[in-house]
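File shown: target08.txt (compact mmCIF, C-alpha atoms).
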# COMPACT_ATOMS: atom_id res chain seq x y z
CA MET C 288 -5.39 29.98 -20.92
CA THR C 289 -4.01 26.90 -22.69
CA LYS C 290 -3.00 23.76 -20.86
CA GLU C 291 0.62 24.40 -21.85
CA ASN C 292 0.55 27.82 -20.23
CA ILE C 293 -0.96 26.43 -17.03
CA TYR C 294 1.86 23.88 -16.73
CA SER C 295 4.38 26.60 -17.52
CA LYS C 296 3.04 28.64 -14.62
CA MET C 297 3.58 25.54 -12.45
CA GLY C 298 7.27 25.53 -13.39
CA ILE C 299 7.18 22.89 -16.14
CA SER C 300 9.36 23.72 -19.15
CA ASP C 301 8.09 23.33 -22.70
CA GLU C 302 10.45 20.38 -23.26
CA VAL C 303 9.24 18.45 -20.22
CA PHE C 304 5.57 19.15 -20.96
CA ALA C 305 5.88 18.04 -24.60
CA PHE C 306 7.73 14.90 -23.51
CA GLY C 307 4.94 14.02 -21.08
CA GLU C 308 2.22 14.57 -23.69
CA LYS C 309 4.07 12.31 -26.12
CA ILE C 310 4.22 9.54 -23.53
CA LEU C 311 0.51 9.91 -22.78
CA GLU C 312 -0.45 9.25 -26.38
CA SER C 313 0.56 5.59 -25.96
CA LEU C 314 -1.34 4.99 -22.72
CA GLU C 315 -4.98 5.42 -23.75
CA THR C 316 -5.73 1.68 -23.97
CA ARG C 317 -4.14 0.89 -20.60
CA PHE C 318 -6.00 3.72 -18.91
CA LYS C 319 -9.30 2.33 -20.24
CA GLU C 320 -8.53 -1.06 -18.67
CA ILE C 321 -7.84 0.64 -15.33
CA ASP C 322 -11.22 2.38 -15.58
CA LYS C 323 -12.94 -1.01 -16.13
CA THR C 324 -11.38 -2.40 -12.94
CA ALA C 325 -12.38 0.74 -11.03
CA GLU C 326 -15.97 0.33 -12.26
CA HIS C 327 -16.06 -3.30 -11.09
CA ASN C 328 -14.74 -2.40 -7.63
CA GLN C 329 -17.00 0.65 -7.34
CA LEU C 330 -20.07 -1.51 -7.87
CA LYS C 331 -18.73 -4.05 -5.37
CA VAL C 332 -18.47 -1.34 -2.70
CA ILE C 333 -21.93 0.06 -3.43
CA ALA C 334 -23.45 -3.43 -3.31
CA ALA C 335 -21.87 -4.08 0.12
CA MET C 336 -23.16 -0.74 1.44
CA GLN C 337 -26.66 -1.37 0.12
CA LYS C 338 -26.76 -4.94 1.47
CA ASN C 339 -25.88 -3.68 4.96
CA ARG C 340 -28.39 -0.79 4.80
CA VAL C 341 -25.92 2.03 5.39
CA ASP C 342 -27.82 5.17 6.42
CA ALA C 343 -27.17 8.54 8.03
CA ALA C 344 -27.26 7.00 11.51
CA CYS C 345 -24.03 5.17 10.63
CA PHE C 346 -22.17 8.51 10.57
CA ALA C 347 -23.04 9.48 14.14
CA GLU C 348 -20.24 9.94 16.66
CA SER C 349 -19.94 7.55 19.58
CA THR C 350 -18.11 8.29 22.82
CA GLY C 351 -16.61 6.52 25.79
CA TYR C 352 -16.78 2.76 25.51
CA GLY C 353 -18.54 2.88 22.16
CA TYR C 354 -21.14 0.29 23.14
CA ASP C 355 -23.74 -0.49 20.45
CA ASP C 356 -21.95 1.65 17.85
CA VAL C 357 -24.11 0.97 14.79
CA GLY C 358 -21.83 2.84 12.40
CA ARG C 359 -18.71 0.97 13.49
CA ASP C 360 -20.38 -2.43 13.43
CA THR C 361 -22.06 -1.84 10.06
CA LEU C 362 -18.79 -0.64 8.52
CA GLU C 363 -17.09 -3.86 9.56
CA ARG C 364 -19.85 -5.89 7.89
CA VAL C 365 -19.41 -3.78 4.75
CA TYR C 366 -15.67 -4.51 4.71
CA ALA C 367 -16.28 -8.23 5.24
CA ASP C 368 -18.69 -8.31 2.29
CA CYS C 369 -16.37 -6.27 0.06
CA PHE C 370 -13.53 -8.70 0.66
CA GLY C 371 -15.51 -11.93 0.91
CA THR C 372 -14.58 -12.72 4.52
CA GLU C 373 -16.48 -13.87 7.60
CA ASP C 374 -15.64 -10.80 9.67
CA ALA C 375 -13.58 -7.63 9.80
CA LEU C 376 -11.97 -5.25 12.27
CA VAL C 377 -11.89 -1.64 11.01
CA ARG C 378 -10.85 0.82 13.69
CA PRO C 379 -9.37 4.31 14.10
CA GLN C 380 -7.42 2.90 17.06
CA ILE C 381 -5.22 1.00 14.57
CA THR C 382 -2.67 3.69 13.86
CA CYS C 383 -0.97 2.48 10.68
CA GLY C 384 -0.26 -0.51 8.46
CA THR C 385 2.62 -1.71 10.63
CA HIS C 386 0.34 -1.56 13.68
CA ALA C 387 -2.35 -3.56 11.86
CA LEU C 388 0.19 -6.23 10.86
CA ALA C 389 1.70 -6.40 14.35
CA LEU C 390 -1.79 -6.74 15.79
CA ALA C 391 -2.74 -9.57 13.42
CA LEU C 392 0.51 -11.44 14.09
CA SER C 393 0.61 -11.05 17.86
CA ALA C 394 -3.08 -11.92 18.20
CA ASN C 395 -2.74 -15.22 16.35
CA LEU C 396 0.70 -16.46 17.41
CA ARG C 397 1.70 -17.96 20.75
CA PRO C 398 5.06 -18.77 22.39
CA GLY C 399 6.66 -21.72 20.60
CA ASP C 400 4.83 -21.06 17.31
CA GLU C 401 6.72 -20.42 14.10
CA LEU C 402 6.11 -17.58 11.68
CA LEU C 403 7.18 -18.27 8.08
CA SER C 404 7.70 -15.77 5.29
CA PRO C 405 7.91 -17.52 1.90
CA ALA C 406 8.72 -14.25 0.12
CA GLY C 407 12.01 -13.33 1.78
CA LYS C 408 12.60 -10.44 4.15
CA PRO C 409 9.51 -8.35 4.94
CA TYR C 410 9.20 -4.56 4.93
CA ASP C 411 11.72 -2.66 7.07
CA THR C 412 9.33 -1.68 9.87
CA LEU C 413 8.29 -5.31 10.39
CA GLU C 414 11.86 -6.33 11.19
CA GLY C 415 11.44 -4.87 14.68
CA VAL C 416 7.95 -6.33 15.07
CA ILE C 417 9.19 -9.83 14.28
CA GLY C 418 12.52 -9.48 16.05
CA ILE C 419 14.80 -9.84 13.01
CA ARG C 420 16.18 -6.56 14.32
CA PRO C 421 16.12 -6.67 18.15
CA GLN C 422 13.30 -4.51 19.48
CA LYS C 423 11.43 -4.32 22.76
CA GLY C 424 8.11 -6.15 22.62
CA SER C 425 8.96 -8.08 19.44
CA LEU C 426 7.47 -11.47 18.66
CA ALA C 427 10.91 -12.96 19.31
CA GLU C 428 10.77 -11.69 22.90
CA TYR C 429 7.55 -13.66 23.33
CA GLY C 430 9.09 -16.87 22.05
CA VAL C 431 7.77 -16.80 18.49
CA LYS C 432 10.31 -18.21 16.04
CA TYR C 433 10.78 -16.75 12.58
CA ARG C 434 11.91 -18.38 9.37
CA GLN C 435 11.99 -17.15 5.79
CA VAL C 436 12.43 -18.64 2.35
CA ASP C 437 14.04 -16.27 -0.12
CA LEU C 438 12.64 -15.78 -3.58
CA LEU C 439 14.31 -17.33 -6.61
CA ALA C 440 16.36 -15.15 -8.94
CA ASP C 441 13.31 -14.47 -11.13
CA ASP C 442 11.26 -13.31 -8.10
CA SER C 443 9.16 -16.49 -8.08
CA PHE C 444 8.40 -18.53 -4.98
CA ASP C 445 10.82 -21.36 -4.16
CA TYR C 446 8.15 -24.03 -3.70
CA ASP C 447 10.61 -26.82 -2.89
CA LYS C 448 12.17 -24.89 -0.01
CA ILE C 449 8.78 -23.69 1.19
CA ARG C 450 7.64 -27.31 1.44
CA GLU C 451 10.79 -28.13 3.46
CA ALA C 452 10.29 -25.11 5.75
CA ILE C 453 6.70 -25.91 6.79
CA ASN C 454 6.64 -28.09 9.89
CA SER C 455 4.43 -28.96 12.86
CA LYS C 456 5.22 -25.65 14.57
CA THR C 457 4.45 -23.46 11.55
CA LYS C 458 1.39 -21.59 12.78
CA LEU C 459 1.21 -18.60 10.46
CA ILE C 460 2.51 -17.78 6.97
CA THR C 461 2.84 -14.12 6.04
CA ILE C 462 2.85 -12.97 2.43
CA GLN C 463 3.76 -9.38 1.60
CA ARG C 464 1.93 -8.46 -1.58
CA SER C 465 3.80 -5.25 -2.34
CA LYS C 466 7.54 -4.90 -2.81
CA GLY C 467 8.31 -2.61 0.13
CA TYR C 468 11.80 -1.16 -0.18
CA GLN C 469 12.87 -3.90 -2.57
CA THR C 470 13.04 -3.94 -6.34
CA ARG C 471 11.23 -7.23 -6.77
CA GLU C 472 7.92 -7.50 -8.54
CA THR C 473 4.68 -7.09 -6.65
CA PHE C 474 2.77 -10.35 -6.41
CA SER C 475 -0.45 -10.63 -8.36
CA VAL C 476 -3.54 -12.02 -6.68
CA GLU C 477 -3.21 -15.01 -9.01
CA LYS C 478 0.32 -15.78 -7.75
CA ILE C 479 -0.72 -15.36 -4.14
CA ALA C 480 -3.71 -17.65 -4.73
CA ARG C 481 -1.42 -20.39 -6.07
CA LEU C 482 0.86 -20.05 -3.04
CA ILE C 483 -2.08 -20.18 -0.61
CA LYS C 484 -3.37 -23.35 -2.28
CA PHE C 485 0.12 -24.90 -2.11
CA VAL C 486 0.69 -24.25 1.62
CA LYS C 487 -2.86 -25.25 2.58
CA GLU C 488 -2.37 -28.60 0.84
CA ILE C 489 0.75 -29.17 2.96
CA LYS C 490 -0.79 -27.93 6.21
CA PRO C 491 -4.54 -27.21 6.02
CA ASP C 492 -4.74 -25.56 9.45
CA VAL C 493 -1.93 -23.05 8.84
CA ILE C 494 -3.05 -19.41 9.03
CA VAL C 495 -2.20 -17.38 5.91
CA MET C 496 -1.96 -13.63 6.39
CA VAL C 497 -1.50 -11.30 3.42
CA ASP C 498 -0.07 -7.83 3.89
CA ASN C 499 -2.45 -6.22 1.40
CA CYS C 500 -1.09 -2.66 1.71
CA TYR C 501 -1.03 -0.71 -1.58
CA GLY C 502 -2.81 -3.53 -3.44
CA GLU C 503 -6.47 -3.04 -2.57
CA PHE C 504 -8.77 -2.45 -5.57
CA VAL C 505 -5.89 -2.64 -8.05
CA GLU C 506 -7.40 -5.89 -9.34
CA CYS C 507 -10.98 -7.16 -9.40
CA GLU C 508 -10.19 -9.92 -6.87
CA GLU C 509 -8.40 -9.87 -3.51
CA PRO C 510 -6.31 -12.57 -1.75
CA SER C 511 -9.21 -13.15 0.65
CA ASN C 512 -11.23 -14.50 -2.28
CA PHE C 513 -8.69 -17.33 -2.57
CA GLY C 514 -8.31 -18.64 0.96
CA ALA C 515 -6.26 -16.02 2.82
CA ASP C 516 -7.28 -16.21 6.48
CA MET C 517 -6.45 -12.53 7.00
CA ILE C 518 -5.78 -9.57 4.76
CA VAL C 519 -4.36 -6.51 6.48
CA GLY C 520 -3.85 -2.87 5.58
CA SER C 521 -3.97 0.81 6.45
CA LEU C 522 -6.79 3.28 5.88
CA ILE C 523 -4.35 6.07 4.99
CA LYS C 524 -3.48 4.03 1.92
CA ASN C 525 -5.87 2.76 -0.75
CA LEU C 526 -9.06 2.03 1.18
CA GLY C 527 -9.27 5.38 2.95
CA GLY C 528 -9.71 7.10 -0.39
CA GLY C 529 -7.69 10.06 0.85
CA LEU C 530 -10.40 10.94 3.39
CA ALA C 531 -9.63 8.67 6.35
CA PRO C 532 -7.31 10.55 8.75
CA SER C 533 -6.17 7.38 10.53
CA GLY C 534 -7.08 3.74 10.98
CA GLY C 535 -6.42 0.25 9.75
CA TYR C 536 -8.32 -2.88 8.84
CA ILE C 537 -8.08 -6.66 9.14
CA CYS C 538 -10.55 -8.83 7.21
CA GLY C 539 -10.60 -12.56 7.72
CA THR C 540 -12.02 -15.62 9.40
CA ARG C 541 -14.25 -15.15 12.43
CA GLU C 542 -11.71 -16.79 14.74
CA CYS C 543 -8.75 -14.72 13.52
CA ILE C 544 -10.72 -11.47 13.79
CA GLU C 545 -11.94 -12.35 17.28
CA ASN C 546 -8.33 -12.92 18.33
CA CYS C 547 -7.35 -9.57 16.82
CA ALA C 548 -10.19 -7.76 18.59
CA PHE C 549 -9.20 -9.23 21.98
CA ARG C 550 -5.61 -8.11 21.38
CA LEU C 551 -6.61 -4.62 20.23
CA THR C 552 -8.85 -3.96 23.25
CA ALA C 553 -8.71 -6.59 26.03
CA PRO C 554 -9.64 -10.23 26.59
CA GLY C 555 -13.40 -10.42 27.13
CA LEU C 556 -14.02 -7.00 25.53
CA GLY C 557 -13.06 -7.54 21.90
CA LYS C 558 -15.18 -5.81 19.26
CA GLU C 559 -17.79 -4.62 21.74
CA VAL C 560 -15.83 -1.52 22.73
CA GLY C 561 -14.03 1.24 20.88
CA THR C 562 -15.43 4.68 20.14
CA ASN C 563 -15.48 5.70 16.48
CA MET C 564 -13.97 9.13 17.29
CA GLY C 565 -16.44 10.80 14.93
CA LEU C 566 -14.68 9.35 11.87
CA MET C 567 -17.42 7.16 10.43
CA ARG C 568 -18.41 9.48 7.60
CA GLN C 569 -14.80 9.73 6.43
CA PHE C 570 -14.36 5.96 6.67
CA TYR C 571 -17.51 5.20 4.68
CA GLN C 572 -16.98 7.92 2.10
CA GLY C 573 -13.29 7.06 1.80
CA LEU C 574 -14.14 3.43 1.02
CA PHE C 575 -16.76 4.63 -1.48
CA MET C 576 -14.16 6.83 -3.22
CA ALA C 577 -11.34 4.28 -3.05
CA PRO C 578 -11.85 2.54 -6.42
CA THR C 579 -11.68 5.84 -8.30
CA VAL C 580 -8.79 7.16 -6.21
CA VAL C 581 -6.82 3.94 -6.74
CA SER C 582 -7.40 4.17 -10.48
CA GLY C 583 -5.87 7.66 -10.53
CA ALA C 584 -2.85 6.45 -8.57
CA LEU C 585 -2.41 3.54 -10.99
CA LYS C 586 -2.47 5.87 -13.98
CA GLY C 587 0.21 7.99 -12.31
CA ALA C 588 2.38 4.93 -11.64
CA ILE C 589 2.14 3.76 -15.27
CA PHE C 590 2.87 7.28 -16.51
CA ALA C 591 5.95 7.40 -14.25
CA ALA C 592 7.23 4.05 -15.51
CA ASN C 593 6.86 5.07 -19.12
CA ILE C 594 8.50 8.45 -18.53
CA TYR C 595 11.51 7.17 -16.62
CA GLU C 596 12.07 4.05 -18.68
CA ALA C 597 12.19 6.24 -21.79
CA LEU C 598 14.87 8.31 -20.02
CA GLY C 599 16.98 5.18 -19.47
CA PHE C 600 16.19 4.29 -15.85
CA ARG C 601 15.19 0.83 -14.65
CA CYS C 602 11.60 0.75 -13.44
CA VAL C 603 9.82 -1.93 -11.39
CA PRO C 604 7.29 -2.72 -12.76
CA ASN C 605 8.52 -1.71 -16.18
CA ALA C 606 6.55 0.38 -18.65
CA THR C 607 4.50 -2.52 -20.05
CA GLU C 608 4.10 -5.01 -17.17
CA SER C 609 0.75 -5.61 -15.48
CA ARG C 610 0.11 -3.75 -12.24
CA HIS C 611 -0.66 -5.30 -8.86
CA ASP C 612 -0.16 -2.34 -6.51
CA ILE C 613 0.07 1.45 -6.76
CA ILE C 614 3.82 1.69 -6.11
CA GLN C 615 6.31 2.56 -8.84
CA ALA C 616 9.98 1.95 -8.12
CA VAL C 617 12.52 3.86 -10.18
CA GLU C 618 16.24 3.09 -9.85
CA LEU C 619 17.95 6.46 -10.17
CA GLY C 620 21.49 5.23 -9.50
CA SER C 621 22.59 7.94 -7.09
CA ALA C 622 21.57 9.72 -3.91
CA GLU C 623 21.47 12.97 -5.88
CA GLY C 624 18.92 11.50 -8.27
CA VAL C 625 16.71 10.29 -5.42
CA ILE C 626 16.85 13.66 -3.69
CA ALA C 627 16.05 15.57 -6.90
CA PHE C 628 13.10 13.29 -7.66
CA CYS C 629 11.68 13.81 -4.17
CA LYS C 630 12.17 17.57 -4.46
CA GLY C 631 10.03 17.55 -7.58
CA ILE C 632 7.24 15.55 -5.94
CA GLN C 633 7.24 17.88 -2.93
CA ALA C 634 7.09 20.93 -5.19
CA ALA C 635 3.90 19.55 -6.77
CA ALA C 636 2.08 19.24 -3.44
CA PRO C 637 -0.94 21.33 -2.42
CA VAL C 638 0.41 21.36 1.16
CA ASP C 639 4.01 22.26 2.11
CA SER C 640 5.03 22.73 -1.52
CA TYR C 641 7.70 25.20 -0.41
CA VAL C 642 9.46 22.63 1.81
CA THR C 643 12.63 20.89 0.63
CA PRO C 644 12.74 17.21 1.67
CA VAL C 645 16.07 15.95 3.06
CA PRO C 646 17.21 12.49 4.20
CA GLY C 647 16.92 11.73 7.89
CA ASP C 648 16.52 9.04 10.52
CA MET C 649 13.03 7.55 10.74
CA PRO C 650 11.51 5.29 13.43
CA GLY C 651 11.58 1.66 12.32
CA TYR C 652 14.16 2.12 9.55
CA GLU C 653 17.87 1.25 9.60
CA SER C 654 18.94 3.47 6.68
CA GLN C 655 18.32 7.18 6.41
CA VAL C 656 15.09 7.80 4.51
CA ILE C 657 13.92 10.73 2.42
CA MET C 658 10.19 11.32 2.18
CA ALA C 659 8.32 13.76 -0.03
CA ALA C 660 4.66 14.30 0.77
CA GLY C 661 2.61 17.44 0.94
CA ALA C 662 -0.48 15.65 2.15
CA PHE C 663 -3.74 16.60 3.82
CA VAL C 664 -3.25 13.55 6.07
CA GLN C 665 0.23 13.04 7.49
CA GLY C 666 1.86 9.95 6.01
CA SER C 667 -1.03 9.24 3.66
CA SER C 668 0.48 7.06 0.93
CA ILE C 669 -2.59 7.28 -1.28
CA GLU C 670 -1.86 10.99 -1.61
CA LEU C 671 0.99 11.96 -3.93
CA SER C 672 4.23 10.94 -2.27
CA ALA C 673 7.68 9.49 -2.85
CA ASP C 674 10.15 8.01 -0.43
CA ALA C 675 13.41 6.10 -0.50
CA PRO C 676 16.09 4.69 1.76
CA LEU C 677 19.47 6.23 0.96
CA ARG C 678 21.17 2.98 -0.04
CA GLU C 679 21.95 0.96 -3.14
CA PRO C 680 20.47 0.71 -5.74
CA TYR C 681 19.12 4.20 -4.93
CA ALA C 682 15.57 3.37 -5.92
CA VAL C 683 12.78 5.82 -5.20
CA TYR C 684 9.25 4.60 -4.51
CA PHE C 685 6.53 6.78 -5.98
CA GLN C 686 2.86 6.29 -5.16
CA GLY C 687 -0.48 7.95 -4.86
CA GLY C 688 -2.20 10.97 -6.19
CA ILE C 689 -5.83 11.30 -5.11
CA THR C 690 -6.45 12.46 -8.67
CA TRP C 691 -4.66 11.40 -11.84
CA TYR C 692 -3.99 15.03 -12.70
CA HIS C 693 -2.06 15.59 -9.50
CA ALA C 694 -0.03 12.44 -10.12
CA LYS C 695 0.76 13.67 -13.63
CA LEU C 696 1.94 17.04 -12.32
CA GLY C 697 4.11 15.33 -9.71
CA ILE C 698 5.91 13.18 -12.26
CA LEU C 699 6.52 16.13 -14.57
CA LYS C 700 7.86 18.16 -11.62
CA SER C 701 10.22 15.30 -10.71
CA VAL C 702 11.62 15.27 -14.25
CA GLN C 703 11.91 19.06 -14.14
CA ALA C 704 13.82 18.89 -10.84
CA MET C 705 16.29 16.39 -12.27
CA LEU C 706 16.71 18.62 -15.32
CA ASP C 707 17.27 21.69 -13.14
CA ASP C 708 19.85 19.80 -11.06
CA LYS C 709 21.66 18.77 -14.27
CA LEU C 710 20.95 15.08 -13.74
CA LEU C 711 19.13 15.11 -17.09
CA THR C 712 19.71 17.23 -20.18
CA LYS C 713 17.28 18.93 -22.53
CA GLU C 714 18.88 17.00 -25.36
CA LYS C 715 18.07 13.70 -23.62
CA ILE C 716 14.45 14.68 -23.16
CA LYS C 717 14.06 15.97 -26.71
CA GLY C 718 15.73 12.85 -28.04
CA GLU C 719 13.03 10.67 -26.52
CA MET C 720 10.14 12.69 -27.92

What would you get if you wrote out this structure as structure tokens?
Amino acid sequence: MTKENIYSKMGISDEVFAFGEKILESLETRFKEIDKTAEHNQLKVIAAMQKNRVDAACFAESTGYGYDDVGRDTLERVYADCFGTEDALVRPQITCGTHALALALSANLRPGDELLSPAGKPYDTLEGVIGIRPQKGSLAEYGVKYRQVDLLADDSFDYDKIREAINSKTKLITIQRSKGYQTRETFSVEKIARLIKFVKEIKPDVIVMVDNCYGEFVECEEPSNFGADMIVGSLIKNLGGGLAPSGGYICGTRECIENCAFRLTAPGLGKEVGTNMGLMRQFYQGLFMAPTVVSGALKGAIFAANIYEALGFRCVPNATESRHDIIQAVELGSAEGVIAFCKGIQAAAPVDSYVTPVPGDMPGYESQVIMAAGAFVQGSSIELSADAPLREPYAVYFQGGITWYHAKLGILKSVQAMLDDKLLTKEKIKGEM
């Protein structure tokens, strides 16, 4: 059976398939560069595992208190070496990226301290954590003040206002690497490094935390290699490699990680307790697979940008810009476009492909959100998924694909869904071939 016939059996029309193949012809050089980065990061992971003498005993399940859990403790040393930090906290008890960020913030801030965001408003779910949107248990309820400096019109940091904003009470600066539900650019490690250097020159003892979600292993370096005191993320995104069923990580200075461990468990207990829940093999193997999995997701994101930009939609990043996370934003201009796109992604899933995604209320979000994901792990953003708040400019956020081939199918199915819903025409698609 030919490749064309296989895609036809998956519901892809001849026009959409031919359009996708035409786009792919121009991406060979970029895909090779992604493979080089994946190779670099793969060797980095293997070196960290070998240095820390990972063996079969590391995969054993612990129970109860989890005292003397060799697998858990070794994994945290592996993470610290991978990211060039003094210590790490990698635990299944951290439920998601928002939890990891809330943990890092609450562990290292005290009443009267100020939290500063130099990159404007953070991701929606952090609004409740910080107290921008009133929420029980927020940092604001504990007397932590929040300030932000908005980005300039070209999405660059406003260094003059950042300098003015830093004062004696500024304890922690948070930098969100990825765009979240915004249509700004994602910050490169180079840009983050310049910002870290700038704020440390103004206030050397300020803690810099980077929300590293969606950015891990996209580049050869990480923010922690350039002075970030903490980098934070979720294991059901990049670093779990599609295998971790839960968990989060914080890598950073010894003092910051100790604070986080005491907040996660209890003062005096810290990292000494916490059963691994029998997840060590998935955590190790997921990290081992992560560079290759991230490379597939990046190829899917670039393919999506080139497809949708050719069809006349604004994409962030655009078809030719460098990549600094796995997320591709596409401004579709209408709720109908967003819904059709998500229908296509859902229809490409190996799990729940028959389900039709619809907008609804979601915990932590103000706007209704539509989410498409037929994943093996619920909410796993490294698996093929797309989500969007139903609000202007009606941008959908596409990410993931444990394999490049699944990401490719998902994008083609999204185009097919928009064609079937008469939001695109065959003439438009043929005209771009």

Please report as CSV every residue of range 437-545 of chain C lying within 12 Å of range 311-321 of chain C, along with the nearest atom pair and their distance in Å (one decimal), using all atoms listed in the file.
residue,atom,partner,partner_atom,distance
C:Phe504,CA,C:Ile321,CA,10.3
C:Val505,CA,C:Ile321,CA,8.2
C:Glu506,CA,C:Ile321,CA,8.9
C:Cys507,CA,C:Ile321,CA,10.3

Rounded to one decimal place, report the CA of Thr382 in chain C-CA of Pro604 in chain C distance in Å.
29.1 Å

C:Lys296, C:His327, C:Lys715, C:Arg541: which is nearest Asp374 in chain C, counting all atoms listed in the file?
C:Arg541

Got a sec: who's within 7 Å of Gly697 in chain C, counting only C-alpha atoms, leaving out chain neighbours fewer than 5 positions off, as JSON, numbers by chain?
{"C": [631, 632, 635]}

Counting only C-alpha atoms, the residue of C:Ser455, C:Ala597, C:Ser425, C:Val431 that sits nearest Ile310 in chain C:
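The answer is C:Ala597, which sits nearest to Ile310 in chain C.
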
Residue among C:Val581, C:Ala634, C:Leu699, C:Val645 lying closest to Gly687 in chain C, counting all atoms listed in the file:
C:Val581

Please provide as a PyMOL selection string all residues within 10 Å of Gly418 in chain C, with the sequence filter that same-chain residues fewer than 2 positions apart are discarded (counting only C-alpha atoms).
chain C and resi 413-416+420-429+431-433

For CA of Glu542 in chain C and CA of Gly514 in chain C, the interatomic separation in Å (one decimal)
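We find that CA of Glu542 in chain C and CA of Gly514 in chain C lie 14.3 Å from each other.
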
Please identify all polymer residues lying at most 10 Å from the point (-2.3, -8.9, 13.7) (file coordinates), using only C-alpha atoms, and present the result as a list of chain:residue names.
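Residues satisfying the cut-off, written out: C:Thr385, C:His386, C:Ala387, C:Leu388, C:Ala389, C:Leu390, C:Ala391, C:Leu392, C:Ser393, C:Ala394, C:Asn395, C:Leu396, C:Met496, C:Met517, C:Ile518, C:Val519, C:Tyr536, C:Ile537, C:Cys543, C:Ile544, C:Asn546, C:Cys547, C:Ala548, C:Arg550, C:Leu551.
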
Considering all atoms listed in the file, return as a CSV table (one decimal) with C-alpha atoms, keeping the file's coordinate frame whatever protein or nucleic-acid residues lie within 8 Å of range 338-353 of chain C, sequence-local ones (same chain, fewer than 2 positions apart) excluded.
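The new file selection.csv reads:
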chain,number,residue,atom,x,y,z
C,334,ALA,CA,-23.4,-3.4,-3.3
C,335,ALA,CA,-21.9,-4.1,0.1
C,336,MET,CA,-23.2,-0.7,1.4
C,355,ASP,CA,-23.7,-0.5,20.4
C,356,ASP,CA,-22.0,1.6,17.8
C,357,VAL,CA,-24.1,1.0,14.8
C,358,GLY,CA,-21.8,2.8,12.4
C,359,ARG,CA,-18.7,1.0,13.5
C,361,THR,CA,-22.1,-1.8,10.1
C,364,ARG,CA,-19.8,-5.9,7.9
C,365,VAL,CA,-19.4,-3.8,4.8
C,559,GLU,CA,-17.8,-4.6,21.7
C,560,VAL,CA,-15.8,-1.5,22.7
C,561,GLY,CA,-14.0,1.2,20.9
C,562,THR,CA,-15.4,4.7,20.1
C,563,ASN,CA,-15.5,5.7,16.5
C,564,MET,CA,-14.0,9.1,17.3
C,565,GLY,CA,-16.4,10.8,14.9
C,566,LEU,CA,-14.7,9.4,11.9
C,567,MET,CA,-17.4,7.2,10.4
C,568,ARG,CA,-18.4,9.5,7.6

Using all atoms listed in the file, can you list as a list in words the residues within 6 Å of (-1.1, -15.7, 9.7)?
Leu459, Ile460, Thr461, Ile494, Val495 and Met496 of chain C

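Nearest to Asp516 in chain C of all the residues C:Tyr501, C:Tyr446, C:Phe685, C:Phe370 is C:Phe370, counting all atoms listed in the file.
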
I want to know what sits within 8 Å of range 462-477 of chain C, based on all atoms listed in the file, with residues of the same chain fewer than 3 positions away left out; could you give that as a ChimeraX atom specification?
/C:404-406,409-411,442,480-481,495-502,506,508-510,603-604,610-612,614,616,675-676,682,684

Name the closest residue to Thr457 in chain C among the candidates C:Leu403, C:Leu482, C:Cys538, C:Ile594; distances are taken between atoms, counting only C-alpha atoms.
C:Leu403

Work out how far apart CA of Lys709 in chain C and CA of Gln633 in chain C are and give it in Å to one decimal.
18.4 Å

Using all atoms listed in the file, pick whichever of C:Arg378, C:Lys331, C:Lys309, C:Lys695 has the shortest atom-to-atom distance to Phe590 in chain C.
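Under the stated criterion, the closest residue is C:Lys695.
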
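Neighbours of Val580 in chain C closer than or equal to 7 Å, with only C-alpha atoms counted and sequence neighbours fewer than 5 positions away skipped, come out as Gly528, Ile689 and Thr690 of chain C.
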
Working from the structure I just supplied, which lacks atoms in range 303-310 of chain C, can you model N, CA and C atoms there and output them as a PDB file, in the coordinates of the input?
ATOM      1  N   VAL C 303       9.768  19.479 -21.118  1.00  0.00           N
ATOM      2  CA  VAL C 303       9.240  18.450 -20.220  1.00  0.00           C
ATOM      3  C   VAL C 303       7.760  18.220 -20.482  1.00  0.00           C
ATOM      4  N   PHE C 304       7.000  19.292 -20.694  1.00  0.00           N
ATOM      5  CA  PHE C 304       5.570  19.150 -20.960  1.00  0.00           C
ATOM      6  C   PHE C 304       5.334  18.369 -22.245  1.00  0.00           C
ATOM      7  N   ALA C 305       6.051  18.724 -23.310  1.00  0.00           N
ATOM      8  CA  ALA C 305       5.880  18.040 -24.600  1.00  0.00           C
ATOM      9  C   ALA C 305       6.262  16.565 -24.487  1.00  0.00           C
ATOM     10  N   PHE C 306       7.303  16.296 -23.730  1.00  0.00           N
ATOM     11  CA  PHE C 306       7.730  14.900 -23.510  1.00  0.00           C
ATOM     12  C   PHE C 306       6.625  14.110 -22.825  1.00  0.00           C
ATOM     13  N   GLY C 307       6.021  14.693 -21.790  1.00  0.00           N
ATOM     14  CA  GLY C 307       4.940  14.020 -21.080  1.00  0.00           C
ATOM     15  C   GLY C 307       3.741  13.765 -21.965  1.00  0.00           C
ATOM     16  N   GLU C 308       3.370  14.737 -22.789  1.00  0.00           N
ATOM     17  CA  GLU C 308       2.220  14.570 -23.690  1.00  0.00           C
ATOM     18  C   GLU C 308       2.478  13.465 -24.710  1.00  0.00           C
ATOM     19  N   LYS C 309       3.715  13.367 -25.174  1.00  0.00           N
ATOM     20  CA  LYS C 309       4.070  12.310 -26.120  1.00  0.00           C
ATOM     21  C   LYS C 309       3.914  10.933 -25.475  1.00  0.00           C
ATOM     22  N   ILE C 310       4.366  10.813 -24.248  1.00  0.00           N
ATOM     23  CA  ILE C 310       4.220   9.540 -23.530  1.00  0.00           C
ATOM     24  C   ILE C 310       2.754   9.178 -23.356  1.00  0.00           C
TER      25      ILE C 310
END
